[in-house]
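Novice: This is the content of input_5.txt (compact mmCIF, C-alpha atoms):
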# COMPACT_ATOMS: atom_id res chain seq x y z
CA MET A 1 -2.82 -33.07 -18.73
CA GLY A 2 -3.80 -34.46 -15.34
CA PHE A 3 -3.15 -33.25 -11.83
CA LEU A 4 0.06 -35.28 -11.53
CA GLY A 5 1.49 -33.75 -14.70
CA ASP A 6 0.62 -30.25 -13.46
CA CYS A 7 2.43 -30.97 -10.19
CA VAL A 8 5.51 -32.10 -12.11
CA ILE A 9 5.54 -28.85 -14.12
CA VAL A 10 5.27 -26.68 -11.02
CA PHE A 11 7.83 -28.76 -9.12
CA VAL A 12 10.39 -28.59 -11.96
CA SER A 13 9.91 -24.83 -12.28
CA GLN A 14 10.34 -24.43 -8.54
CA MET A 15 13.60 -26.37 -8.68
CA LEU A 16 14.81 -24.00 -11.39
CA PHE A 17 13.80 -20.99 -9.30
CA PHE A 18 15.53 -22.54 -6.29
CA ALA A 19 18.71 -22.98 -8.34
CA GLY A 20 18.46 -19.34 -9.45
CA GLY A 21 18.17 -18.19 -5.84
CA TRP A 22 21.10 -20.42 -4.87
CA LEU A 23 23.29 -18.94 -7.64
CA PHE A 24 22.26 -15.39 -6.72
CA PHE A 25 23.17 -16.11 -3.11
CA ASN A 26 26.63 -17.47 -3.98
CA LYS A 27 27.56 -15.29 -6.96
CA GLN A 28 26.17 -11.95 -5.78
CA LEU A 29 25.46 -11.71 -2.06
CA PHE A 30 28.24 -13.91 -0.69
CA LYS A 31 30.87 -13.65 -3.39
CA HIS A 32 33.15 -11.68 -1.04
CA TYR A 33 32.63 -13.91 2.01
CA GLU A 34 33.90 -17.38 2.79
CA ILE A 35 31.71 -18.09 5.84
CA ARG A 36 28.47 -19.60 4.55
CA HIS A 37 25.78 -21.42 6.46
CA ILE A 38 24.02 -24.04 4.38
CA SER A 39 20.79 -23.50 6.34
CA VAL A 40 20.78 -19.79 5.45
CA GLN A 41 21.28 -20.64 1.78
CA LEU A 42 18.42 -23.15 1.88
CA ILE A 43 16.05 -20.69 3.56
CA PHE A 44 16.89 -17.82 1.19
CA SER A 45 16.67 -19.97 -1.95
CA SER A 46 13.40 -21.58 -0.82
CA THR A 47 11.83 -18.18 -0.13
CA PHE A 48 13.01 -16.96 -3.52
CA ALA A 49 11.56 -20.02 -5.28
CA LEU A 50 8.18 -19.73 -3.51
CA SER A 51 8.02 -15.99 -4.28
CA ILE A 52 8.72 -16.43 -7.99
CA THR A 53 6.19 -19.28 -8.12
CA MET A 54 3.46 -16.75 -7.27
CA PHE A 55 4.31 -14.77 -10.38
CA GLU A 56 4.52 -17.95 -12.43
CA LEU A 57 0.98 -18.90 -11.41
CA ILE A 58 -0.27 -15.45 -12.45
CA ILE A 59 1.23 -15.95 -15.91
CA PHE A 60 -0.22 -19.49 -16.05
CA GLU A 61 -3.60 -17.97 -15.21
CA ILE A 62 -3.42 -15.58 -18.16
CA ILE A 63 -2.17 -18.04 -20.79
CA ASP A 64 -4.36 -20.86 -19.37
CA VAL A 65 -1.62 -23.35 -18.52
CA LEU A 66 -2.54 -26.19 -16.12
CA GLU A 67 -6.06 -27.12 -15.09
CA SER A 68 -8.07 -24.65 -13.05
CA SER A 69 -8.26 -26.97 -10.04
CA SER A 70 -4.48 -27.55 -10.18
CA ARG A 71 -3.77 -23.84 -10.28
CA TYR A 72 -6.06 -23.29 -7.28
CA PHE A 73 -4.29 -26.06 -5.35
CA HIS A 74 -0.84 -24.69 -6.08
CA TRP A 75 -1.97 -21.16 -5.24
CA ARG A 76 -3.07 -22.25 -1.78
CA LEU A 77 -0.05 -24.50 -1.26
CA GLY A 78 2.44 -21.85 -2.40
CA LEU A 79 0.88 -19.10 -0.28
CA THR A 80 0.73 -21.38 2.75
CA LEU A 81 4.41 -22.32 2.45
CA LEU A 82 5.43 -18.71 1.85
CA LEU A 83 3.49 -17.59 4.92
CA VAL A 84 5.14 -20.33 6.99
CA MET A 85 8.53 -19.05 5.85
CA VAL A 86 7.89 -15.36 6.67
CA THR A 87 5.96 -15.91 9.90
CA ALA A 88 7.77 -18.89 11.42
CA VAL A 89 10.95 -20.21 9.81
CA ILE A 90 12.80 -16.98 9.01
CA PRO A 91 11.81 -15.03 12.19
CA VAL A 92 12.76 -17.98 14.40
CA TYR A 93 16.13 -18.38 12.68
CA ILE A 94 16.82 -14.62 12.90
CA CYS A 95 16.05 -14.60 16.63
CA TYR A 96 18.15 -17.70 17.16
CA SER A 97 21.12 -16.29 15.22
CA VAL A 98 21.05 -12.97 17.06
CA ILE A 99 20.74 -14.52 20.53
CA HIS A 100 23.23 -17.28 19.76
CA SER A 101 25.84 -14.66 18.82
CA ILE A 102 25.71 -13.39 22.43
CA SER A 103 28.36 -15.56 24.05
CA PHE A 104 27.20 -15.58 27.68
CA PHE A 105 23.86 -17.32 26.92
CA SER A 106 23.78 -21.09 27.26
CA ASP A 107 22.07 -23.27 24.65
CA ARG A 108 19.06 -23.77 26.92
CA TRP A 109 18.57 -20.03 27.36
CA VAL A 110 19.09 -19.47 23.65
CA ARG A 111 16.16 -21.77 22.85
CA ILE A 112 13.96 -20.19 25.54
CA LEU A 113 14.69 -16.62 24.44
CA THR A 114 14.26 -17.54 20.78
CA THR A 115 10.79 -18.91 21.50
CA LEU A 116 9.85 -15.81 23.52
CA CYS A 117 11.07 -13.47 20.77
CA TRP A 118 9.10 -15.39 18.18
CA PHE A 119 5.91 -15.09 20.21
CA VAL A 120 6.55 -11.37 20.57
CA PHE A 121 6.91 -11.17 16.77
CA LEU A 122 3.62 -13.02 16.25
CA TYR A 123 1.89 -10.78 18.77
CA GLY A 124 3.19 -7.67 17.03
CA LEU A 125 2.16 -9.07 13.65
CA TRP A 126 -1.35 -9.69 14.96
CA ARG A 127 -1.60 -6.24 16.50
CA ILE A 128 -0.85 -4.69 13.11
CA GLY A 129 -4.47 -5.42 12.19
CA GLU A 130 -5.93 -3.18 14.90
CA PRO A 131 -5.39 0.27 13.32
CA PHE A 132 -6.15 -1.02 9.82
CA PRO A 133 -9.36 -2.44 8.30
CA LEU A 134 -8.07 -6.01 8.21
CA LEU A 135 -9.86 -9.26 8.92
CA SER A 136 -10.99 -9.89 12.50
CA ALA A 137 -10.59 -13.08 14.52
CA SER A 138 -14.06 -14.19 13.42
CA HIS A 139 -12.53 -15.17 10.08
CA GLY A 140 -10.15 -17.54 11.85
CA ILE A 141 -6.64 -17.04 13.17
CA PHE A 142 -4.43 -19.55 11.36
CA THR A 143 -5.74 -18.90 7.84
CA ILE A 144 -4.22 -17.68 4.59
CA GLU A 145 -6.42 -14.61 4.67
CA GLN A 146 -5.21 -13.54 8.12
CA GLY A 147 -1.56 -14.11 7.26
CA VAL A 148 -1.68 -12.34 3.91
CA SER A 149 -3.69 -9.41 5.31
CA ARG A 150 -1.05 -8.64 7.93
CA ILE A 151 2.06 -9.52 5.96
CA SER A 152 0.83 -7.36 3.07
CA VAL A 153 0.68 -4.24 5.25
CA ILE A 154 4.44 -4.48 5.74
CA GLY A 155 5.09 -5.64 2.18
CA VAL A 156 2.99 -2.89 0.59
CA THR A 157 4.79 -0.33 2.75
CA VAL A 158 8.18 -1.57 1.55
CA MET A 159 6.97 -1.62 -2.06
CA ALA A 160 5.60 1.91 -1.86
CA ILE A 161 8.78 3.27 -0.26
CA LEU A 162 11.01 1.67 -2.90
CA SER A 163 8.67 2.72 -5.73
CA GLY A 164 8.46 6.33 -4.53
CA PHE A 165 12.22 6.55 -4.13
CA GLY A 166 12.89 4.89 -7.51
CA ALA A 167 10.34 7.02 -9.39
CA VAL A 168 12.20 10.17 -8.28
CA ASN A 169 15.79 8.96 -8.01
CA TYR A 170 15.94 7.25 -11.42
CA PRO A 171 15.22 10.42 -13.46
CA TYR A 172 17.55 12.36 -11.16
CA THR A 173 20.47 10.01 -11.80
CA SER A 174 19.73 9.40 -15.50
CA MET A 175 18.80 12.79 -16.97
CA THR A 176 21.52 15.15 -18.14
CA TYR A 177 19.41 18.06 -16.89
CA PHE A 178 20.36 17.25 -13.30
CA ILE A 179 24.09 16.91 -14.01
CA LYS A 180 25.87 20.00 -12.70
CA PRO A 181 28.41 21.41 -15.17
CA VAL A 182 31.92 20.77 -13.87
CA SER A 183 35.12 21.92 -15.58
CA ARG A 184 38.56 20.44 -15.19
CA ASN A 185 39.78 23.72 -13.67
CA ASP A 186 37.28 23.33 -10.80
CA ILE A 187 38.66 19.89 -9.98
CA ILE A 188 42.29 21.09 -10.20
CA CYS A 189 41.47 24.02 -7.91
CA PHE A 190 39.92 21.74 -5.28
CA GLU A 191 42.86 19.36 -5.54
CA ARG A 192 45.21 22.29 -4.84
CA ARG A 193 43.08 23.35 -1.88
CA LEU A 194 43.15 19.81 -0.52
CA THR A 195 46.93 19.57 -0.93
CA LEU A 196 47.51 22.93 0.79
CA THR A 197 45.19 21.99 3.63
CA ILE A 198 47.03 18.72 4.18
CA ASP A 199 50.38 20.55 4.17
CA MET A 200 49.13 23.09 6.73
CA LEU A 201 47.67 20.32 8.87
CA THR A 202 50.91 18.37 8.78
CA ALA A 203 52.95 21.45 9.68
CA LYS A 204 50.82 22.29 12.73
CA LYS A 205 50.86 18.70 13.96
CA ARG A 206 54.65 18.71 13.57
CA ARG A 207 54.87 21.91 15.63
CA ILE A 208 52.80 20.34 18.40
CA ALA A 209 54.86 17.15 18.39
CA MET A 210 58.18 19.01 18.41
CA ALA A 211 57.09 21.34 21.22
CA VAL A 212 55.94 18.44 23.39
CA TYR A 213 59.11 16.48 22.61
CA ASN A 214 61.41 19.38 23.51
CA HIS A 215 59.47 20.09 26.68
CA ASN A 216 59.64 16.48 27.81
CA LYS A 217 63.36 16.38 26.98
CA GLN A 218 64.07 19.47 29.08
CA HIS A 219 61.74 18.48 31.93
CA PRO A 220 61.96 14.69 32.27
CA THR A 221 60.15 14.58 35.66
CA LYS A 222 56.55 13.47 35.64
CA PRO A 223 54.01 16.29 36.09
CA ARG A 224 51.96 16.46 39.25
CA ILE A 225 48.21 15.85 39.28
CA TRP A 226 47.45 19.55 39.84
CA ASP A 227 49.59 20.54 36.86
CA MET A 228 47.77 18.03 34.67
CA LEU A 229 44.38 19.41 35.73
CA THR A 230 45.35 23.04 35.21
CA SER A 231 46.88 22.29 31.83
CA ALA A 232 43.62 20.70 30.71
CA VAL A 233 41.66 23.85 31.66
CA HIS A 234 44.09 26.67 30.85
CA ARG A 235 46.14 27.20 27.78
CA THR A 236 49.55 25.56 27.94
CA ASN A 237 52.54 27.37 26.51
CA ILE A 238 55.49 25.14 25.72
CA ASP A 239 58.58 26.73 24.24
CA GLY A 240 56.53 29.68 23.12
CA GLU A 241 53.90 27.50 21.42
CA ASP A 242 50.25 27.74 22.47
CA ILE A 243 49.41 24.04 22.35
CA ASN A 244 45.68 24.37 22.94
CA GLN A 245 45.39 27.02 20.23
CA LEU A 246 47.31 24.79 17.83
CA LYS A 247 45.01 21.88 18.63
CA LEU A 248 41.97 24.04 17.88
CA GLU A 249 43.54 25.05 14.55
CA VAL A 250 44.27 21.40 13.78
CA TYR A 251 40.66 20.48 14.49
CA GLY A 252 39.43 23.25 12.18
CA LEU A 253 41.81 22.16 9.43
CA GLU A 254 40.67 18.55 9.77
CA GLU A 255 37.07 19.65 9.32
CA LEU A 256 38.07 21.77 6.32
CA GLN A 257 40.01 18.85 4.84
CA ARG A 258 36.99 16.58 5.22
CA SER A 259 34.71 19.16 3.57
CA ILE A 260 37.10 19.76 0.65
CA PHE A 261 37.55 16.02 0.13
CA LEU A 262 33.79 15.44 -0.03
CA GLU A 263 33.35 18.33 -2.48
CA LEU A 264 36.22 17.04 -4.62
CA ASN A 265 34.74 13.54 -4.63
CA SER A 266 31.37 14.99 -5.65
CA LEU A 267 32.99 16.94 -8.48
CA LYS A 268 34.80 13.87 -9.79
CA ASN A 269 31.60 11.83 -9.66
CA MET A 270 29.79 14.56 -11.57
CA GLU A 271 32.60 14.67 -14.15
CA GLU A 272 32.27 10.92 -14.59
CA ARG A 273 28.51 11.31 -15.06
CA GLN A 274 29.16 13.96 -17.70
CA ARG A 275 31.39 11.60 -19.68
CA TRP A 276 28.87 8.77 -19.26
CA SER A 277 26.00 10.96 -20.49
CA GLN A 278 27.81 11.43 -23.81
CA THR A 279 27.90 7.69 -24.50
CA LEU A 280 25.15 5.78 -26.29
CA GLN A 281 24.07 4.15 -23.04
CA GLY A 282 23.94 7.53 -21.31
CA LYS A 283 21.75 9.00 -24.05
CA TYR A 284 19.45 5.99 -23.86
CA PHE A 285 19.04 6.35 -20.10
CA ASN A 286 18.50 10.08 -20.56
CA VAL A 287 15.48 9.33 -22.76
CA LEU A 288 14.22 6.83 -20.20
CA GLY A 289 14.76 9.42 -17.49
CA HIS A 290 12.46 11.88 -19.29
CA PHE A 291 9.82 9.17 -19.59
CA PHE A 292 10.02 8.27 -15.90
CA SER A 293 9.97 11.91 -14.88
CA VAL A 294 6.62 12.26 -16.67
CA TYR A 295 5.47 9.03 -15.01
CA CYS A 296 6.58 10.32 -11.61
CA VAL A 297 4.61 13.55 -11.99
CA TYR A 298 1.58 11.61 -13.25
CA LYS A 299 1.79 9.07 -10.43
CA ILE A 300 2.09 11.76 -7.74
CA PHE A 301 -0.87 13.60 -9.25
CA MET A 302 -3.00 10.43 -9.42
CA CYS A 303 -2.05 9.48 -5.85
CA CYS A 304 -3.26 12.89 -4.67
CA ILE A 305 -6.52 12.45 -6.59
CA ASN A 306 -7.03 8.93 -5.22
CA ILE A 307 -6.34 10.03 -1.64
CA ILE A 308 -8.48 13.17 -1.75
CA PHE A 309 -11.49 11.57 -3.44
CA ASP A 310 -11.01 8.11 -1.88
CA ARG A 311 -10.90 6.60 -5.37
CA VAL A 312 -9.73 3.16 -6.46
CA GLY A 313 -9.56 1.97 -10.06
CA ARG A 314 -12.33 -0.38 -11.11
CA LYS A 315 -10.86 -1.59 -14.37
CA ASP A 316 -7.38 -2.75 -15.24
CA PRO A 317 -5.38 -0.53 -17.65
CA VAL A 318 -5.47 -3.10 -20.48
CA THR A 319 -9.26 -3.38 -20.53
CA ARG A 320 -9.66 0.39 -20.22
CA GLY A 321 -7.22 1.00 -23.09
CA LEU A 322 -8.91 -1.52 -25.38
CA GLU A 323 -12.35 -0.05 -24.64
CA ILE A 324 -11.06 3.39 -25.57
CA ALA A 325 -9.59 1.99 -28.79
CA VAL A 326 -12.89 0.32 -29.75
CA HIS A 327 -15.54 2.78 -28.59
CA TRP A 328 -13.76 6.10 -29.03
CA CYS A 329 -11.26 5.46 -31.82
CA GLY A 330 -13.45 3.04 -33.80
CA PHE A 331 -10.91 0.19 -34.15
CA ASP A 332 -12.37 -3.20 -35.02
CA ILE A 333 -10.30 -5.63 -32.93
CA ASP A 334 -10.82 -8.91 -31.12
CA LEU A 335 -11.10 -7.82 -27.48
CA ALA A 336 -10.65 -11.30 -25.99
CA PHE A 337 -7.55 -12.07 -28.05
CA TRP A 338 -5.76 -8.79 -27.49
CA ASN A 339 -6.83 -8.59 -23.87
CA GLN A 340 -5.11 -11.91 -23.13
CA HIS A 341 -1.90 -11.16 -25.03
CA ILE A 342 -1.46 -7.58 -23.86
CA SER A 343 -2.22 -8.63 -20.28
CA PHE A 344 0.42 -11.34 -20.58
CA LEU A 345 3.02 -8.82 -21.81
CA LEU A 346 2.08 -6.24 -19.18
CA VAL A 347 2.19 -8.71 -16.30
CA GLY A 348 5.42 -10.20 -17.67
CA CYS A 349 7.07 -6.77 -17.72
CA ILE A 350 5.85 -6.05 -14.19
CA VAL A 351 7.18 -9.41 -12.98
CA VAL A 352 10.61 -8.96 -14.59
CA THR A 353 11.06 -5.37 -13.42
CA SER A 354 9.83 -6.20 -9.90
CA ILE A 355 12.22 -9.13 -9.51
CA ARG A 356 15.17 -7.27 -11.05
CA GLY A 357 14.54 -4.11 -9.04
CA LEU A 358 14.22 -5.92 -5.74
CA LEU A 359 17.32 -8.06 -6.30
CA LEU A 360 19.41 -5.02 -7.22
CA THR A 361 18.14 -3.18 -4.15
CA LEU A 362 18.87 -6.15 -1.89
CA THR A 363 22.38 -6.48 -3.31
CA LYS A 364 23.21 -2.79 -2.78
CA PHE A 365 21.73 -2.84 0.72
CA PHE A 366 23.65 -6.00 1.63
CA TYR A 367 27.00 -4.66 0.43
CA ARG A 368 26.48 -1.41 2.33
CA ILE A 369 25.77 -2.81 5.81
CA SER A 370 27.03 -6.39 5.85
CA SER A 371 30.17 -7.78 7.46
CA SER A 372 31.65 -11.25 7.89
CA LYS A 373 29.92 -11.59 11.28
CA SER A 374 26.50 -10.14 10.49
CA SER A 375 26.14 -11.27 6.85
CA ASN A 376 24.03 -14.36 7.60
CA ILE A 377 21.58 -12.43 9.79
CA ILE A 378 21.28 -9.68 7.17
CA VAL A 379 20.58 -12.25 4.44
CA LEU A 380 17.78 -13.71 6.57
CA ILE A 381 16.31 -10.23 7.07
CA LEU A 382 16.51 -9.59 3.33
CA GLY A 383 14.81 -12.95 2.72
CA GLN A 384 12.03 -11.89 5.10
CA ILE A 385 11.59 -8.61 3.24
CA MET A 386 11.66 -10.44 -0.10
CA GLY A 387 8.89 -12.84 0.94
CA MET A 388 6.68 -10.00 2.20
CA TYR A 389 7.42 -7.93 -0.90
CA PHE A 390 6.46 -10.60 -3.42
CA CYS A 391 3.40 -11.66 -1.42
CA SER A 392 2.20 -8.06 -1.52
CA SER A 393 3.09 -7.77 -5.20
CA VAL A 394 0.62 -10.51 -6.02
CA LEU A 395 -2.08 -8.68 -4.11
CA LEU A 396 -1.45 -5.36 -5.86
CA MET A 397 -0.89 -6.93 -9.28
CA ARG A 398 -4.43 -8.25 -9.14
CA MET A 399 -5.65 -4.77 -10.09
CA ASN A 400 -3.59 -4.86 -13.33
CA MET A 401 -5.28 -8.06 -14.49
CA PRO A 402 -8.59 -8.29 -16.36
CA ALA A 403 -11.57 -9.44 -14.29
CA GLU A 404 -11.63 -12.95 -15.77
CA TYR A 405 -8.02 -13.61 -14.75
CA ARG A 406 -8.24 -12.31 -11.19
CA VAL A 407 -11.07 -14.62 -10.10
CA ILE A 408 -8.85 -17.40 -8.76
CA ILE A 409 -6.64 -14.90 -6.86
CA THR A 410 -9.74 -13.45 -5.23
CA GLU A 411 -10.91 -16.95 -4.27
CA VAL A 412 -7.55 -17.85 -2.73
CA LEU A 413 -7.07 -14.59 -0.83
CA GLY A 414 -10.64 -14.56 0.43
CA ASN A 415 -12.45 -11.52 1.81
CA LEU A 416 -9.52 -9.15 1.91
CA HIS A 417 -10.09 -5.40 1.72
CA PHE A 418 -8.24 -4.97 -1.55
CA ASN A 419 -9.10 -1.28 -1.87
CA PHE A 420 -7.39 -0.53 1.46
CA TYR A 421 -4.04 -1.84 0.23
CA HIS A 422 -4.21 0.26 -2.94
CA ARG A 423 -5.01 3.41 -0.92
CA TRP A 424 -2.26 2.57 1.57
CA PHE A 425 0.18 2.16 -1.34
CA ASP A 426 -0.81 5.58 -2.70
CA VAL A 427 -0.27 7.27 0.68
CA ILE A 428 3.15 5.74 1.32
CA PHE A 429 4.23 6.26 -2.31
CA LEU A 430 3.32 9.95 -2.10
CA VAL A 431 5.19 10.41 1.18
CA SER A 432 8.25 8.54 -0.13
CA ALA A 433 8.35 10.45 -3.44
CA LEU A 434 7.94 13.87 -1.83
CA THR A 435 10.55 13.06 0.83
CA THR A 436 13.00 11.95 -1.87
CA ILE A 437 12.39 15.17 -3.83
CA ILE A 438 13.07 17.29 -0.74
CA VAL A 439 16.24 15.36 0.17
CA LEU A 440 17.62 15.53 -3.38
CA TYR A 441 16.80 19.23 -3.60
CA LEU A 442 18.62 19.98 -0.34
CA SER A 443 21.59 17.87 -1.41
CA ARG A 444 22.13 19.87 -4.62
CA LYS A 445 24.35 22.52 -3.08
CA PRO A 446 26.09 24.81 -5.56
CA VAL A 447 29.83 24.20 -5.62
CA ARG A 448 31.69 27.46 -5.11
CA VAL A 449 35.39 27.75 -5.79
CA ASP A 450 37.02 30.67 -4.03
CA ASP A 451 40.60 31.24 -5.09
CA THR A 452 41.24 33.54 -2.12
CA ASP A 453 41.18 30.46 0.18
CA LEU A 454 44.39 29.29 -1.43
CA ASN A 455 46.36 32.23 -0.10
Take the structure in the file and write it out as structure tokens.

Specialist:
Amino acid sequence: MGFLGDCVIVFVSQMLFFAGGWLFFNKQLFKHYEIRHISVQLIFSSTFALSITMFELIIFEIIDVLESSSRYFHWRLGLTLLLVMVTAVIPVYICYSVIHSISFFSDRWVRILTTLCWFVFLYGLWRIGEPFPLLSASHGIFTIEQGVSRISVIGVTVMAILSGFGAVNYPYTSMTYFIKPVSRNDIICFERRLTLTIDMLTAKKRRIAMAVYNHNKQHPTKPRIWDMLTSAVHRTNIDGEDINQLKLEVYGLEELQRSIFLELNSLKNMEERQRWSQTLQGKYFNVLGHFFSVYCVYKIFMCCINIIFDRVGRKDPVTRGLEIAVHWCGFDIDLAFWNQHISFLLVGCIVVTSIRGLLLTLTKFFYRISSSKSSNIIVLILGQIMGMYFCSSVLLMRMNMPAEYRVIITEVLGNLHFNFYHRWFDVIFLVSALTTIIVLYLSRKPVRVDDTDLN
């Protein structure tokens, strides 16, 4: 198959990826919004297609699809276009959208300020390399190596934060061990407390309203300024009612109502988790939760070892596992055959889980903070994060590939300090995981039901 045929294969696959990004944009992100900018859809879908193409080329490298020269060409072309998107197109459009939303700027000033903000972004991106062992200006400025080295610092940071949070949060939300036992009587008791609190709150507000109404009815003249000032400082008694004291009691009851409602909502969520844990799906995720809890402990331990001893793995896990099987267990297997197929399965699983995990995270994040006015800007920001994330994923995934399959990636990325990114990932992962453990531990407050509060 010649170069032209290889280009057709890559182009068709990119069109399919673009269509997938377009559907995800319309069916997931913007399914609740009617205002859609076609330019935002094009940018998001193009970034998605270029990002997935990086993973496709890794798989092509393992199963030896396309000619070597074609793969090298598409590696450089894909990385160049992805870098253009995350360093120029998306930042410029974000700056333009934010400034354009400010009504008192004219179109001329919008263009000027957009250009200035973009140059500030490029300057900040370049300054990222100063505290880290990245490439210097002697390697060129407008090169793939310089772009990837700086973009990957941000991307690896995002990956490590999400990985550390997911490694701890997934076992916490999936294992039945962390589900607090909740009885139906506890929920009924909190519902009674909430009802009584609302009744007391309503009664005190009614007393305040009736006292003010009767006072105004008996004294229709407008109060003087001095009376208004003194009433704001001193307690005001109207028809025998201490209004300021009642307002303080109302404030306390509102805080109590809010606290009881949050506790009741937590109890109902825990009751729902209890019912879910008894289903087949819940039991399946419970088993997975035990597996990931072991993985989390192992990963935290290995991160500590790597940071303390400044250690980076030299061999990928597939090659190391096959060598153990041959030299220590005495299995007679074809190393080349199994190395290729197991590497393909491992990389395929990493690709699928990475894409699925990021898309789910982006969807949850978008639904939480978006609105009809800010949705387009938030989608652009998510597209920026997605491009950086997948670009960094390629860099880190290189360590999970056998040496013969990572040659072309090393040639394309140039003289990057690969070991630095793996150590940086370990540091941020450790901080993220430990922070998540502390936050989840502090959030597990024991629910106490005191029947004396009902009196």

Novice: Tell me, in Å to one decimal, how far CA of Ala203 (chain A) is from CA of Ile260 (chain A).

Specialist: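 Interatomic distance, CA of Ala203 (chain A) to CA of Ile260 (chain A): 18.3 Å.
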
Novice: Considering all atoms listed in the file, return as an MDAnalysis selection string whatever protein or nucleic-acid residues lie within 6 Å of Ser51 (chain A), sequence-local ones (same chain, fewer than 3 positions apart) excluded.

Specialist: chainID A and resid 48 54 390

Novice: Taking a cut-off of 12 Å and counting all atoms listed in the file, can you build a table that, for each residue of region 71-115 of chain A near region 143-156 of chain A, reports the nearest atom pair and how far apart they are in Å (one decimal), sorted by chain then residue number, as JSON lines?

Specialist:
{"residue": "A:Trp75", "atom": "CA", "partner": "A:Ile144", "partner_atom": "CA", "distance": 10.7}
{"residue": "A:Arg76", "atom": "CA", "partner": "A:Ile144", "partner_atom": "CA", "distance": 7.9}
{"residue": "A:Leu77", "atom": "CA", "partner": "A:Ile144", "partner_atom": "CA", "distance": 9.9}
{"residue": "A:Gly78", "atom": "CA", "partner": "A:Ile144", "partner_atom": "CA", "distance": 10.5}
{"residue": "A:Leu79", "atom": "CA", "partner": "A:Ile144", "partner_atom": "CA", "distance": 7.2}
{"residue": "A:Thr80", "atom": "CA", "partner": "A:Ile144", "partner_atom": "CA", "distance": 6.4}
{"residue": "A:Leu81", "atom": "CA", "partner": "A:Ile144", "partner_atom": "CA", "distance": 10.0}
{"residue": "A:Leu82", "atom": "CA", "partner": "A:Val148", "partner_atom": "CA", "distance": 9.8}
{"residue": "A:Leu83", "atom": "CA", "partner": "A:Gly147", "partner_atom": "CA", "distance": 6.6}
{"residue": "A:Val84", "atom": "CA", "partner": "A:Gly147", "partner_atom": "CA", "distance": 9.1}
{"residue": "A:Met85", "atom": "CA", "partner": "A:Gly147", "partner_atom": "CA", "distance": 11.3}
{"residue": "A:Val86", "atom": "CA", "partner": "A:Ile151", "partner_atom": "CA", "distance": 8.3}
{"residue": "A:Thr87", "atom": "CA", "partner": "A:Gly147", "partner_atom": "CA", "distance": 8.2}
{"residue": "A:Ala88", "atom": "CA", "partner": "A:Gly147", "partner_atom": "CA", "distance": 11.3}

Novice: Do you know which residues are at most 8 Å from His422 (chain A) counting only C-alpha atoms, after dropping those on the same chain fewer than 3 positions away, and could you put them as a PyMOL selection string?

Specialist: chain A and resi 312+396+418-419+425-426

Novice: Please, could you write that set of residues out with C-alpha atoms as a JSON list (two decimals), in the frame of the given file?

Specialist:
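Ended up saving to part-v4.json:
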[["chain", "number", "residue", "atom", "x", "y", "z"],
["A", 312, "VAL", "CA", -9.73, 3.16, -6.46],
["A", 396, "LEU", "CA", -1.45, -5.36, -5.86],
["A", 418, "PHE", "CA", -8.24, -4.97, -1.55],
["A", 419, "ASN", "CA", -9.10, -1.28, -1.87],
["A", 425, "PHE", "CA", 0.18, 2.16, -1.34],
["A", 426, "ASP", "CA", -0.81, 5.58, -2.70]]

Novice: Which residues are near Phe11 (chain A)? Cut-off 12 Å, all atoms listed in the file, ignore same chain within fewer than 3 positions. Put them as a ChimeraX atom specification.

Specialist: /A:4-8,14-18,49-50,53,56,74,77-78

Novice: What does the distance between CA of Tyr295 (chain A) and CA of Ile63 (chain A) come to in Å, to one decimal place?

Specialist: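 Distance reported for this atom pair: 28.7 Å.
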
Novice: Please compute the CA of Tyr172 (chain A)-CA of Val287 (chain A) distance, one decimal, in Å.

Specialist: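 Interatomic distance here is 12.2 Å.
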
Novice: Looking at all atoms listed in the file, which of A:His37, A:Val89, A:Gln384, A:Val182 is the one that sits closest to Leu264 (chain A)?

Specialist: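 With all atoms listed in the file as the atom set, the closest residue is A:Val182.
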
Novice: Please list as number ranges by chain every residue within 10 Å of Tyr96 (chain A), counting all atoms listed in the file and excluding residues in the same chain fewer than 5 positions away.

Specialist: A: 90-91, 101, 110-115, 117-118, 377

Novice: For the selection just defined, write its residues with C-alpha atoms to a file, as a compact mmCIF listing (two decimals), keeping the file's coordinate frame.

Specialist:
# COMPACT_ATOMS: atom_id res chain seq x y z
CA ILE A 90 12.80 -16.98 9.01
CA PRO A 91 11.81 -15.03 12.19
CA SER A 101 25.84 -14.66 18.82
CA VAL A 110 19.09 -19.47 23.65
CA ARG A 111 16.16 -21.77 22.85
CA ILE A 112 13.96 -20.19 25.54
CA LEU A 113 14.69 -16.62 24.44
CA THR A 114 14.26 -17.54 20.78
CA THR A 115 10.79 -18.91 21.50
CA CYS A 117 11.07 -13.47 20.77
CA TRP A 118 9.10 -15.39 18.18
CA ILE A 377 21.58 -12.43 9.79

Novice: List the neighbours of Leu434 (chain A) out to 12 Å using all atoms listed in the file; skip same-chain residues closer than 3 positions along the sequence, and give me the result as a ChimeraX atom specification.

Specialist: /A:161,163-169,296-297,299-301,303-304,427-431,437-441

Novice: Taking all atoms listed in the file into account, name the residue in A:Leu253, A:Ile9, A:Ile208, A:Cys95 that is nearest to Arg193 (chain A).

Specialist: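 That would be A:Leu253, the residue with the smallest distance to Arg193 (chain A).
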
Novice: Which residue is closest to Asp64 (chain A)? Choose from A:Leu262, A:Met386, A:Tyr405, A:Trp126 and count all atoms listed in the file.

Specialist: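 Closest candidate: A:Tyr405.
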
Novice: Box for region 272-284 of chain A: with edges along x, y and z, all listed atoms inside and 8 Å added on each side, what are the centre and edge lengths in Å to one decimal, as lines of an AutoDock Vina configuration file?

Specialist:
center_x = 25.9
center_y = 9.1
center_z = -20.4
size_x = 28.8
size_y = 25.8
size_z = 27.7
